[in-house]
Each structure stands twice: as C-alpha cells, then as structure tokens.
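J.: Sharing final_0.txt below, compact mmCIF, C-alpha atoms:
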```txt
# COMPACT_ATOMS: atom_id res chain seq x y z
CA MET A 1 -15.99 14.50 -12.95
CA ALA A 2 -13.98 13.62 -16.05
CA ALA A 3 -12.92 10.05 -16.51
CA SER A 4 -9.25 11.01 -16.33
CA ALA A 5 -9.63 13.18 -13.26
CA LYS A 6 -8.29 11.88 -10.01
CA LEU A 7 -10.37 11.84 -6.88
CA PRO A 8 -9.98 15.36 -5.41
CA VAL A 9 -7.96 15.73 -2.25
CA PRO A 10 -10.27 17.41 0.24
CA ASP A 11 -9.49 21.04 1.35
CA LYS A 12 -36.69 -8.40 2.15
CA HIS A 13 -36.24 -11.91 3.51
CA THR A 14 -37.80 -15.08 4.85
CA LYS A 15 -36.48 -18.42 6.12
CA ASN A 16 -36.99 -21.97 4.93
CA GLU A 17 -35.08 -24.41 7.16
CA ASP A 18 -31.36 -24.12 6.23
CA TRP A 19 -31.95 -22.03 3.14
CA THR A 20 -32.23 -18.30 2.67
CA VAL A 21 -34.94 -17.03 0.34
CA VAL A 22 -35.11 -13.41 -0.77
CA LEU A 23 -38.33 -11.39 -1.06
CA PRO A 24 -39.20 -9.40 -3.08
CA ARG A 25 -37.04 -9.38 -6.19
CA ARG A 26 -39.15 -7.35 -8.64
CA GLY A 27 -37.78 -9.14 -11.70
CA LYS A 28 -34.43 -10.34 -10.35
CA ARG A 29 -34.42 -14.02 -9.63
CA ARG A 30 -32.09 -15.63 -7.12
CA THR A 31 -31.00 -19.10 -6.28
CA CYS A 32 -30.92 -19.96 -2.60
CA SER A 33 -27.68 -20.36 -0.70
CA ARG A 34 -27.04 -22.58 2.29
CA ARG A 35 -26.47 -20.59 5.44
CA ASN A 36 -23.06 -20.70 7.07
CA SER A 37 -22.58 -18.09 9.78
CA THR A 38 -19.11 -18.92 11.02
CA PRO A 39 -16.30 -16.49 10.14
CA GLU A 40 -14.11 -19.43 9.16
CA ALA A 41 -16.58 -20.72 6.56
CA LYS A 42 -14.57 -22.40 3.82
CA GLN A 43 -14.48 -20.84 0.41
CA GLN A 44 -15.86 -23.25 -2.15
CA PRO A 45 -14.23 -23.78 -5.58
CA TRP A 46 -16.76 -22.98 -8.28
CA VAL A 47 -17.30 -23.71 -11.95
CA PRO A 48 -20.46 -22.95 -13.94
CA THR A 49 -22.80 -25.89 -14.42
CA GLU A 50 -22.71 -25.11 -18.13
CA LEU A 51 -19.04 -25.79 -18.86
CA GLU A 52 -18.86 -24.40 -22.40
CA SER A 53 -19.97 -21.04 -23.70
CA ASP A 54 -22.47 -20.87 -26.55
CA PRO A 55 -21.09 -18.47 -29.21
CA ASP A 56 -24.53 -17.49 -30.53
CA ARG A 57 -25.89 -16.75 -27.06
CA GLU A 58 -22.68 -14.95 -26.22
CA LEU A 59 -22.99 -12.61 -29.21
CA LYS A 60 -26.66 -11.88 -28.49
CA LEU A 61 -25.95 -11.19 -24.83
CA ILE A 62 -23.07 -8.83 -25.67
CA GLN A 63 -25.43 -6.91 -27.94
CA ARG A 64 -28.10 -6.77 -25.22
CA MET A 65 -25.55 -5.52 -22.71
CA GLU A 66 -24.32 -2.82 -25.08
CA ILE A 67 -27.89 -1.63 -25.58
CA CYS A 68 -28.52 -1.69 -21.85
CA ILE A 69 -25.33 0.25 -21.05
CA LYS A 70 -26.28 2.95 -23.56
CA LYS A 71 -29.80 3.15 -22.14
CA VAL A 72 -28.55 3.60 -18.58
CA GLU A 73 -25.87 6.10 -19.63
CA SER A 74 -28.42 8.33 -21.38
CA SER A 75 -30.97 8.18 -18.53
CA GLN A 76 -31.85 10.79 -15.95
CA PHE A 77 -31.35 8.04 -13.37
CA TYR A 78 -27.65 7.87 -14.26
CA GLN A 79 -27.28 11.65 -14.09
CA ASN A 80 -28.85 11.60 -10.63
CA PHE A 81 -26.51 8.76 -9.63
CA LEU A 82 -23.45 10.75 -10.75
CA GLU A 83 -24.66 13.80 -8.86
CA LEU A 84 -24.85 11.68 -5.72
CA VAL A 85 -21.39 10.14 -6.18
CA GLU A 86 -19.85 13.54 -7.02
CA ASN A 87 -21.38 15.18 -3.96
CA PRO A 88 -18.43 16.65 -2.00
CA ASP A 89 -19.34 14.77 1.17
CA ILE A 90 -19.35 11.42 -0.63
CA LEU A 91 -16.19 12.23 -2.60
CA ASN A 92 -14.47 13.04 0.68
CA SER A 93 -15.65 9.69 2.05
CA PHE A 94 -14.18 7.87 -0.95
CA HIS A 95 -10.93 9.78 -0.48
CA LYS A 96 -10.81 8.83 3.18
CA VAL A 97 -11.19 5.14 2.32
CA LEU A 98 -8.56 5.35 -0.44
CA GLY A 99 -5.99 6.95 1.83
CA LEU A 100 -2.67 6.86 -0.06
CA GLU A 101 -3.94 4.37 -2.65
CA LEU A 102 -4.70 5.59 -6.18
CA GLU A 103 -7.53 3.15 -6.84
CA MET A 104 -9.70 0.49 -5.24
CA PRO A 105 -10.94 -2.75 -6.81
CA MET A 106 -14.65 -3.31 -7.27
CA VAL A 107 -16.02 -6.65 -6.07
CA ILE A 108 -19.50 -7.47 -7.40
CA TYR A 109 -21.37 -10.15 -5.48
CA GLY A 110 -24.77 -11.61 -6.36
CA ILE A 111 -25.36 -9.94 -9.72
CA GLY A 112 -27.81 -12.65 -10.86
CA SER A 113 -28.36 -13.95 -14.39
CA ILE A 114 -27.62 -11.18 -16.88
CA GLU A 115 -28.88 -13.41 -19.70
CA SER A 116 -32.27 -14.15 -18.16
CA TYR A 117 -33.30 -10.87 -16.51
CA GLU A 118 -33.20 -7.17 -17.25
CA THR A 119 -32.66 -6.11 -13.63
CA PRO A 120 -29.17 -7.69 -13.38
CA ARG A 121 -28.28 -6.14 -16.74
CA PHE A 122 -29.19 -2.69 -15.38
CA GLN A 123 -27.13 -3.33 -12.25
CA LEU A 124 -24.11 -4.55 -14.20
CA SER A 125 -24.42 -1.64 -16.66
CA LEU A 126 -24.19 0.86 -13.81
CA ALA A 127 -21.08 -0.86 -12.43
CA ILE A 128 -19.41 -0.81 -15.86
CA LEU A 129 -20.27 2.86 -16.35
CA MET A 130 -18.75 3.65 -12.96
CA LYS A 131 -15.56 1.83 -13.95
CA ARG A 132 -15.38 3.82 -17.19
CA LYS A 133 -16.14 7.13 -15.48
CA PHE A 134 -13.87 7.06 -12.44
CA ASN A 135 -10.19 6.22 -12.73
CA TRP A 136 -10.01 5.48 -9.00
CA ILE A 137 -11.97 2.27 -9.59
CA GLY A 138 -9.53 -0.54 -10.32
CA ASP A 139 -10.07 -4.14 -11.39
CA VAL A 140 -13.63 -5.47 -11.38
CA GLU A 141 -14.31 -8.96 -10.03
CA VAL A 142 -17.71 -10.64 -10.25
CA PHE A 143 -19.30 -13.66 -8.65
CA ASP A 144 -22.71 -15.25 -8.55
CA PRO A 145 -23.12 -19.04 -8.31
CA ILE A 146 -25.82 -19.00 -10.98
CA LEU A 147 -23.62 -17.51 -13.71
CA SER A 148 -23.32 -19.65 -16.82
CA ALA A 149 -20.18 -20.12 -18.89
CA THR A 150 -21.75 -17.92 -21.56
CA GLU A 151 -22.42 -15.15 -19.05
CA SER A 152 -18.89 -15.50 -17.67
CA ARG A 153 -17.40 -15.03 -21.15
CA VAL A 154 -19.54 -11.93 -21.69
CA LEU A 155 -18.46 -10.50 -18.34
CA GLU A 156 -14.83 -11.03 -19.34
CA SER A 157 -15.44 -9.29 -22.66
CA LEU A 158 -16.74 -6.31 -20.67
CA GLY A 159 -13.50 -6.09 -18.71
CA CYS A 160 -14.53 -8.04 -15.61
CA SER A 161 -12.95 -11.16 -14.15
CA VAL A 162 -15.17 -13.93 -12.80
CA LEU A 163 -14.06 -15.46 -9.51
CA SER A 164 -13.41 -19.20 -9.48
CA VAL A 165 -14.18 -19.42 -5.75
CA ASN A 166 -17.42 -18.77 -3.89
CA GLU A 167 -16.21 -16.42 -1.16
CA GLN A 168 -19.69 -16.34 0.42
CA GLY A 169 -19.25 -12.59 0.76
CA ARG A 170 -16.32 -13.02 3.15
CA ARG A 171 -13.60 -11.09 1.32
CA ARG A 172 -11.32 -9.41 3.87
CA ALA A 173 -10.68 -5.80 2.89
CA THR A 174 -6.94 -5.71 3.54
CA LYS A 175 -6.83 -2.75 1.13
CA PRO A 176 -9.48 -0.19 0.09
CA THR A 177 -12.27 -2.09 -1.69
CA LEU A 178 -15.60 -1.15 -3.24
CA PHE A 179 -18.19 -3.89 -2.74
CA TYR A 180 -21.00 -3.52 -5.26
CA MET A 181 -23.90 -5.64 -3.99
CA PRO A 182 -27.30 -4.32 -5.10
CA HIS A 183 -30.18 -6.37 -3.68
CA CYS A 184 -28.12 -9.18 -2.20
CA GLU A 185 -29.36 -11.36 0.64
CA ALA A 186 -29.06 -9.77 4.10
CA GLU A 187 -26.88 -12.71 5.08
CA LEU A 188 -24.31 -11.77 2.42
CA TYR A 189 -23.93 -8.24 3.79
CA ASN A 190 -23.71 -9.70 7.27
CA ASN A 191 -21.00 -12.14 6.14
CA LEU A 192 -18.99 -9.27 4.68
CA LEU A 193 -19.15 -7.27 7.88
CA GLN A 194 -18.43 -10.28 10.07
CA ALA A 195 -15.30 -11.14 8.05
CA ASN A 196 -14.11 -7.54 8.40
CA TRP A 197 -15.16 -6.85 11.98
CA GLU A 198 -11.94 -4.97 12.81
CA LEU A 199 -11.28 -1.22 12.89
CA GLU A 200 -8.77 -1.15 10.04
CA LEU A 201 -10.70 -3.49 7.75
CA LEU A 202 -14.06 -1.74 8.15
CA ASN A 203 -12.41 1.58 7.30
CA HIS A 204 -11.24 0.04 4.02
CA ILE A 205 -14.78 -0.73 2.82
CA VAL A 206 -17.16 1.15 0.56
CA LEU A 207 -20.44 -0.72 0.12
CA PHE A 208 -23.20 -0.11 -2.39
CA GLY A 209 -26.21 -2.24 -1.55
CA ASN A 210 -29.45 -2.51 0.37
CA SER A 211 -30.08 0.27 2.86
CA PHE A 212 -28.95 -0.63 6.38
CA GLU A 213 -31.52 1.87 7.65
CA MET A 214 -34.18 -0.32 6.01
CA TYR A 215 -32.90 -3.39 7.89
CA GLU A 216 -33.01 -1.45 11.14
CA PHE A 217 -36.62 -0.50 10.45
CA LEU A 218 -37.54 -4.11 9.68
CA SER A 219 -35.87 -5.27 12.88
CA GLU A 220 -37.95 -2.78 14.88
CA ILE A 221 -41.19 -4.32 13.65
CA LYS A 222 -40.15 -7.60 15.26
CA ASN A 223 -39.20 -9.56 12.16
CA SER A 224 -37.24 -12.25 13.99
CA PHE A 225 -35.62 -13.66 10.86
CA ILE A 226 -34.28 -10.23 9.92
CA VAL A 227 -32.86 -9.83 13.43
CA ASP A 228 -31.22 -13.26 13.28
CA SER A 229 -29.68 -12.54 9.86
CA THR A 230 -28.47 -9.00 10.41
CA GLY A 231 -26.61 -8.85 13.72
CA HIS A 232 -23.52 -7.19 12.30
CA ILE A 233 -25.59 -4.94 10.00
CA LEU A 234 -27.57 -3.58 12.93
CA ALA A 235 -24.49 -3.22 15.11
CA ALA A 236 -22.70 -1.31 12.34
CA ARG A 237 -25.47 1.27 12.02
CA LYS A 238 -23.99 3.48 14.76
CA PHE A 239 -20.76 4.07 12.80
CA THR A 240 -22.18 3.89 9.25
CA ASP A 241 -22.50 6.96 7.03
CA GLU A 242 -25.33 6.10 4.63
CA HIS A 243 -26.29 7.99 1.47
CA VAL A 244 -29.58 6.88 -0.08
CA LEU A 245 -29.97 6.63 -3.86
CA LYS A 246 -33.26 8.23 -4.89
CA ILE A 247 -35.11 6.56 -7.77
CA ALA A 248 -37.35 8.81 -9.87
CA SER A 249 -38.00 6.42 -12.77
CA ASP A 250 -40.03 3.22 -12.72
CA ASP A 251 -37.58 1.76 -15.26
CA TYR A 252 -34.86 1.50 -12.62
CA PHE A 253 -36.93 0.95 -9.48
CA ALA A 254 -36.71 -2.84 -9.55
CA ALA A 255 -32.94 -2.76 -9.95
CA PHE A 256 -32.07 -0.09 -7.37
CA HIS A 257 -34.89 0.62 -4.92
CA ASP A 258 -33.79 0.93 -1.27
CA SER A 259 -30.12 1.10 -2.32
CA SER A 260 -27.50 3.20 -0.54
CA TRP A 261 -23.81 3.98 -0.34
CA HIS A 262 -22.33 2.94 3.01
CA PHE A 263 -19.07 4.09 4.59
CA PHE A 264 -17.86 2.69 7.90
CA SER A 265 -15.82 4.64 10.43
CA PRO A 266 -15.57 2.89 13.80
CA ALA A 267 -13.08 4.75 15.96
CA LEU A 268 -12.85 2.50 19.01
CA ASP A 269 -12.63 -1.26 19.50
CA THR A 270 -15.44 -0.94 22.04
CA GLU A 271 -17.81 -0.10 19.18
CA LEU A 272 -17.30 -3.66 17.89
CA LEU A 273 -18.09 -5.47 21.12
CA LEU A 274 -21.85 -5.69 20.73
CA VAL A 275 -21.88 -8.59 18.27
CA LYS A 276 -21.54 -12.17 19.39
CA ASN A 277 -19.83 -14.24 16.68
```
Hey, can you dump this file as structure tokens for me?

T.:
Amino acid sequence: MAASAKLPVPDKHTKNEDWTVVLPRRGKRRTCSRRNSTPEAKQQPWVPTELESDPDRELKLIQRMEICIKKVESSQFYQNFLELVENPDILNSFHKVLGLELEMPMVIYGIGSIESYETPRFQLSLAILMKRKFNWIGDVEVFDPILSATESRVLESLGCSVLSVNEQGRRRATKPTLFYMPHCEAELYNNLLQANWELELLNHIVLFGNSFEMYEFLSEIKNSFIVDSTGHILAARKFTDEHVLKIASDDYFAAFHDSSWHFFSPALDTELLLVKN
C-alpha cells in the first residue's frame, strides 16, 4: 500500500503485594505501577523526573533512533509485518473500525526507555514507520511514566506528542483509535477494556499488543494472578478477532514475540455481562 493511498473500501506476570511486576522482558525493562482496578481511577498529572533535556544526549538518541528506523524498515520482519497489515481481512477490519472517519489516532502506552534499551527503540521505530506508511493513522500520542525529558524531546522531534497525564491505560475510545501497546502489563490491557466496556466503544478500538490467546492459555494452567489481572481480557476473547504476528528473526523476537492485532466486535449487550467490575 502506498503511503498516499487511502484505506480501501471493501467490495508474563507475577504479583508483589500492591505492585505489578512483568516477566519476562527479554531486554525491555519496566518500572512497576501501583494497581488501581476501579473504572473511575483518577488520571495523574505527570512530568518527567528529569525536568530538562540534555542536548548532547538528545542528539545522540535522535541518531540512534534514525539508525534503528532504517534497520527495521530494511528488514524482512518489516516486510512480513506489512504483509500482515495489508492482508484483505485485516484491512477490512481497519475499515470497519474507521467507519466514516478518514483516520484514527495512535496511542502508544508503555513504550519503555528508548534511551536505555534497544527493544523499545525497535517498538517505537515500527510505530513511526506505520505512521509514515499509512495515511489513515493520525496523530501519535505516547506515554510511559519512565520517560525522561530528553526522551520526550526526541519523541516530539519524531512527530509524536507526549501526554502530560498518566491515563493508566483508561482512554475511552469515543472515536476510532489505534492503541499500540507491545508487551505492556496485562493490567494495562485490562484497564483499557474495562474503561471501554460498551458496545460502541469496543468497536472503536484496534489494539496491537500481547496475544489475548496467550493470556487465555495461561489462565487455563491455573495461574491465579493472571486470572485476577485479566478478567476483561478473558471475557473479550469470545468477540475478539486476533491476528498473530509471526517473528522469523531473533533480532526482533524480544520486541515483538507473542504480539497480535486485536479487533473487537461485540454485537449484544449480553456479551458484556460476564465481567464483574
């Protein structure tokens, strides 16, 4: 698909008291976040702990990101990714979510430290390449509580805006929205679904992140923490269309293993009655 072409019209977790810890990361480090399972959880104003950007670090990080973007763009992994996205079934799913809208914003949660680790740089590079490739992707917003001021400036230079509020994954999809959340905590996916647990809102969501099928498998082997953290994820499985991203290269395994596209299409309110808030 050419960058100017419009979308065709169709003919890993453990628990430590109140804190969530993510396993395994394979090179992507996370800070822990305090659990808050209520739909009305307050959004917290956020500023980076490092209040001023370092120009030297900023320049070096921009150069590292440019190298990383070029590496991903020239890889067989990226070609396989495009083939998946341009599959007619998936394109039709994107079109269904878009409806009459011409584009959807991309919200990136939990990207990690792009200065400290290669895995977040790969993940961000893929998101930026998607934005450049598909004109139906609108503004890109990013949030991770561990981002530094330097990283925030670099993200802005790459065309992203950094949120000043920690939404805790609870953005309500009042319009078509792509949530790009590779390897986030299960709780963050669950928060997103819980905040959008209505027919219209769920139909507005496209989610790229950890495979829900994987969570279902983990729940079946009696991992009680997974069950406690994934109530909405497991309940959504019956109306989720999932497309798994296959990884053929070790270079990109850590960044994208067990990742899938998810589209939600509940048709009846009764399908949403199985979850207790």

J.: I'd like a table as a tab-separated table: residues in region 170-200 of chain A with an atom no more than 10 Å from region 100-108 of chain A, each row giving the shortest atom pair and its distance in Å to one decimal, only C-alpha atoms counted, sorted by chain and rising residue number.

T.:
```
residue	atom	partner	partner_atom	distance
A:Arg171	CA	A:Val107	CA	9.0
A:Lys175	CA	A:Met104	CA	7.7
A:Pro176	CA	A:Met104	CA	5.4
A:Thr177	CA	A:Met104	CA	5.1
A:Leu178	CA	A:Met106	CA	4.7
A:Phe179	CA	A:Val107	CA	4.8
A:Tyr180	CA	A:Ile108	CA	4.7
A:Met181	CA	A:Ile108	CA	5.9
A:Pro182	CA	A:Ile108	CA	8.7
```

J.: How many Å lie between CA of Tyr117 (chain A) and CA of Asn135 (chain A), rounded to one decimal?

T.: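 Between CA of Tyr117 (chain A) and CA of Asn135 (chain A) the gap is 29.0 Å.
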
J.: Just want the 8 Å neighbourhood of Ser53 (chain A), counted on all atoms listed in the file, with same-chain residues fewer than 3 positions away dropped. Output as a list in words.

T.: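 These residues fall inside the cut-off: Glu50, Glu58, Ser148, Ala149, Thr150, Glu151 and Arg153 of chain A.
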
J.: Once you count only C-alpha atoms, which residues end up no further than 6 Å from (-16.7, -11.7, -14.1) in the file's frame, shown as an MDAnalysis selection string?

T.: chainID A and resid 141:142 152 155:156 160:162

J.: In Å to one decimal, how far is CA of His257 (chain A) from CA of Val244 (chain A)?

T.: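 According to the coordinates, CA of Val244 (chain A) and CA of His257 (chain A) are separated by 9.5 Å.
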
J.: For CA of Thr174 (chain A) and CA of Ser113 (chain A), determine how far apart the two atoms are, in Å to one decimal place.

T.: 29.1 Å

J.: Which residue is closest to Gln44 (chain A)? Choose from A:Gln168, A:Thr119, A:Asn92, A:Ser74 and count only C-alpha atoms.

T.: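 Comparing A:Gln168, A:Thr119, A:Asn92, A:Ser74 against Gln44 (chain A), the winner is A:Gln168.
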
J.: Pick out the closest residue to Phe94 (chain A) from this set: A:Leu245, A:Ile205, A:Met65, A:Leu158. Count only C-alpha atoms.

T.: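 Of all the options, A:Ile205 lies closest to Phe94 (chain A).
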
J.: Near Arg170 (chain A), counting only C-alpha atoms, which residues have an atom at most 7 Å away, once you skip same-chain residues fewer than 2 positions from it, shown as a ChimeraX atom specification?

T.: /A:167-168,172,191-192,195

J.: Using all atoms listed in the file, which protein or nucleic acid residues come within 10 Å of Ser75 (chain A)? Drop anything in the same chain fewer than 6 positions from it, and give the result as a count of residues only.

T.: 4

J.: Can you tell me, as a ChimeraX atom specification, what residues are no more than 8 Å from His262 (chain A) when counting only C-alpha atoms, ignoring any on the same chain fewer than 2 positions away?

T.: /A:206-209,240-243,260,264

J.: Excluding region 265-269 of chain A and any residue of its chain fewer than 2 positions from it, enumerate the residues within 8 Å of it, using only C-alpha atoms, and give them as a compact mmCIF listing (two decimals) with C-alpha atoms, keeping the file's coordinate frame.

T.:
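Below is the file that was written, part23.txt:
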```
# COMPACT_ATOMS: atom_id res chain seq x y z
CA GLU A 198 -11.94 -4.97 12.81
CA LEU A 199 -11.28 -1.22 12.89
CA LEU A 202 -14.06 -1.74 8.15
CA ASN A 203 -12.41 1.58 7.30
CA PHE A 239 -20.76 4.07 12.80
CA THR A 240 -22.18 3.89 9.25
CA ASP A 241 -22.50 6.96 7.03
CA PHE A 263 -19.07 4.09 4.59
CA GLU A 271 -17.81 -0.10 19.18
CA LEU A 272 -17.30 -3.66 17.89
CA LEU A 273 -18.09 -5.47 21.12
```

J.: Select, from A:Gly110, A:Pro55, A:Pro145, A:Pro48, the residue with the minimum atom-to-atom distance to Asn166 (chain A), counting all atoms listed in the file.

T.: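 Between A:Gly110, A:Pro55, A:Pro145, A:Pro48, the residue approaching Asn166 (chain A) most closely is A:Pro145.
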
J.: Choose the residue, out of A:Leu163, A:Asn210, A:Arg121, A:Asp54, that has the smallest atom-to-atom separation from Glu66 (chain A); count all atoms listed in the file.

T.: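 Ranking A:Leu163, A:Asn210, A:Arg121, A:Asp54 by distance to Glu66 (chain A), first place goes to A:Arg121.
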